[in-house]
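Student: Pasting in a structure now, in structure tokens, and then I'll have a few things to ask.
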Amino acid sequence: MRHKKGLLAIVMLLAALLMAVWLLPQMTNLLIERQMSLHPQVTATPVPPEEPWDEGL
Amino acid sequence: MKMRTRQTLISLAIILLTMSVFLYVYVGLQANHLLKGARENGAWQLQAFSEHITALERTAALEAEAAHITRQALVQYAFATYAHLLQNADRAYSLWADGAYLYNLSPLDPAAQLPVPDKVLTASRMLRQGGELMLISSYSLRVLEVPVTLYLTENISRVEEQINNLVRIAQAALVCSLAFCALVLPPLVRKSLSLLETLSGVADKIAGGAYALRAGIDTADEVGDLSRAFDRMAATVEEKISALEETNRRQEMLLGALTHELKTPMTAIIGFSDSVLTMPLTEAERADALQEIHEAARRTERLSQKMMQLITLGHEQGITKKHIAAADLLEQAARAVGPAAQAAGVHITLNVQTPSLWGDTDLLHSALTNLIDNAVKASQPGQRITLRAGRAGGGVALSVIDEGRGIPAADIPRLSEPFYRVDKARSRKLGGAGLGLALCRMIAQAHGGQLQLESKENRGTAVHLVLPGEEAHAS
């Protein structure tokens, strides 16, 4: 029983390692997909009209 | 599961979790940084390109009323000149104006893929084309009064490859570090727990009877503390077991000696009673036999009384102490043994140097009569026995000093053992069972004192019953 528990713990540890290794590229693929779904735009700031020059000054 | 296996697995799990979190965060941030960098790079390149195009405005001297088509042609010419210089296999430029391409070398249709609304300065979009990751960037501006949009189509698969390389390095780091820890951790954990295994082995041996064994682990950590506590416990257990064994041995000896001592008077009682019952005896012989039976029965009674006292004192039952006048105590004891002393022709003298003492009257009387009785038995007619009560340290010493035959030095240490007699035949003949001194020693111990014996052969014996004072009892 005690050996079974140890074996189970080792198997779980290996499974966790494989999961971590497999999930890493999945995460970067998701990041790329997210970047592909983004369409960032920068809007030009409108220039305010110039005030007429006051000749009196 | 063994403790070392559990410790190793827990450590590996913690290392795996920590490294995974670190690598996931690092790779995620790096990937985002690379992708954002590609976008920013595209926008920056287009902005730099636009600087070249707008320089046209400073160099081309056009009349204000120059045709729109002429301006477009000039812009197209300037764009094409720079685009040819800058483009390569991964990078292509496009020029969009008035709903049509003035210049386009992109494999994609950038204006369709990234339509740019009015007032939008820059925009970008990533898309996948034939397995390649492509980035389209746009930059809108007015050149020579012509509104145009510059497009840059880039193949950024190299960025994706960089991210994939990063992922592979992270995966290798994760696997290698865990494999390294899996190799290094077990010996380390085993070494740190080896002292506990040593302790466990010692505990097993002690349980098997090796009570003198000690772990002797003298490290400065928790295992050392445990080992020292374990050794203290083992020492206490050894002491207790030794005491129990000694008690058991004494009880066995006492029981054996008692059986033997009871056998002698019983043999006499059975023998003489058989004679009375079965043999034709004269009145005188019958009277002698009955006298013998009576003596044997009395001896058995004395023996049982002394045994009872010994057992009572051995169980440390309470004794009643009070102030006793030393002179009265000595006189009563001398009077109790008086007939026997007179019969033996021995003189008893008193020497009282202290007025009183602190103790149990009955027990001290019993002890003194035993000691005087022994002294009488050891003395020759005409010799003197001195009873003395004097100060000794902070307490009192009751001494019985005779001038008798004395005791061999070799026998003195064993004299206070129950049923031990120097001259067994003579002692039994005189009615002694060898319990008197044992009883005196136990009475002294019950008072917190001790029994001291000095003797020289053919010169006499002095037995001192040393008792502590009242102050010692109070403290």
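All residue names refer to the structure tokens as shown: chains lettered A, B, ... in order, residues numbered from 1 in each chain, ligands numbered from 1 in order.
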Could you pull the residues within 8 Å of segment 18-22 of chain A, counting only C-alpha atoms, minus those fewer than 6 positions along the same chain, as a list in words?

Tutor: Ser20, Gln171, Leu174 and Val175 of chain B

Student: Go ahead and write the selection's residues with N, CA and C atoms as a PDB file, in the first residue's frame.

Tutor:
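Result file is out-v2.pdb:
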```pdb
ATOM      1  N   SER B  20       7.839  26.372 -13.006  1.00  0.00           N
ATOM      2  CA  SER B  20       6.786  26.521 -14.014  1.00  0.00           C
ATOM      3  C   SER B  20       6.227  27.930 -13.978  1.00  0.00           C
ATOM      4  N   GLN B 171      11.234  24.743 -21.936  1.00  0.00           N
ATOM      5  CA  GLN B 171      10.869  23.332 -21.713  1.00  0.00           C
ATOM      6  C   GLN B 171      12.093  22.521 -21.294  1.00  0.00           C
ATOM      7  N   LEU B 174      13.085  23.321 -17.778  1.00  0.00           N
ATOM      8  CA  LEU B 174      12.169  22.705 -16.803  1.00  0.00           C
ATOM      9  C   LEU B 174      12.501  21.224 -16.594  1.00  0.00           C
ATOM     10  N   VAL B 175      12.655  20.512 -17.720  1.00  0.00           N
ATOM     11  CA  VAL B 175      12.913  19.067 -17.634  1.00  0.00           C
ATOM     12  C   VAL B 175      14.292  18.813 -17.016  1.00  0.00           C
TER      13      VAL B 175
END
```

Student: Counting only C-alpha atoms, what are the residues of chain B within 7 Å of chain A, and for each of them which pair of atoms is the nearest and at what distance in Å, to one decimal? Sort the table by chain and rising number, as a tab-separated table.

Tutor:
```
residue	atom	partner	partner_atom	distance
B:Met1	CA	A:Arg2	CA	4.6
B:Ala13	CA	A:Leu13	CA	6.5
B:Ser20	CA	A:Ala20	CA	6.6
B:Tyr24	CA	A:Leu24	CA	6.7
B:Gly28	CA	A:Thr28	CA	6.6
B:Ala31	CA	A:Thr28	CA	6.8
B:Lys119	CA	A:Ala44	CA	5.6
B:Val120	CA	A:Thr43	CA	4.1
B:Leu121	CA	A:Ala44	CA	5.0
B:Thr122	CA	A:Val42	CA	5.1
B:Ala123	CA	A:Gln41	CA	4.3
B:Ser124	CA	A:His39	CA	5.9
B:Arg125	CA	A:His39	CA	5.3
B:Met126	CA	A:Met36	CA	4.7
B:Leu127	CA	A:Met36	CA	5.8
B:Val167	CA	A:Pro25	CA	6.2
B:Gln171	CA	A:Val21	CA	5.4
```

Student: Residues at most 10 Å from Glu454 of chain B, counting only C-alpha atoms, excluding those fewer than 2 positions away in the same chain, as number ranges by chain?

Tutor: B: 401, 406-407, 409, 412, 452, 456, 460-464

Student: Write out as a ChimeraX atom specification which residues come within 12 Å of Ile241 of chain B when counting only C-alpha atoms, dropping same-chain ones fewer than 4 positions away.

Tutor: /B:206,209-212,234-237,245-249
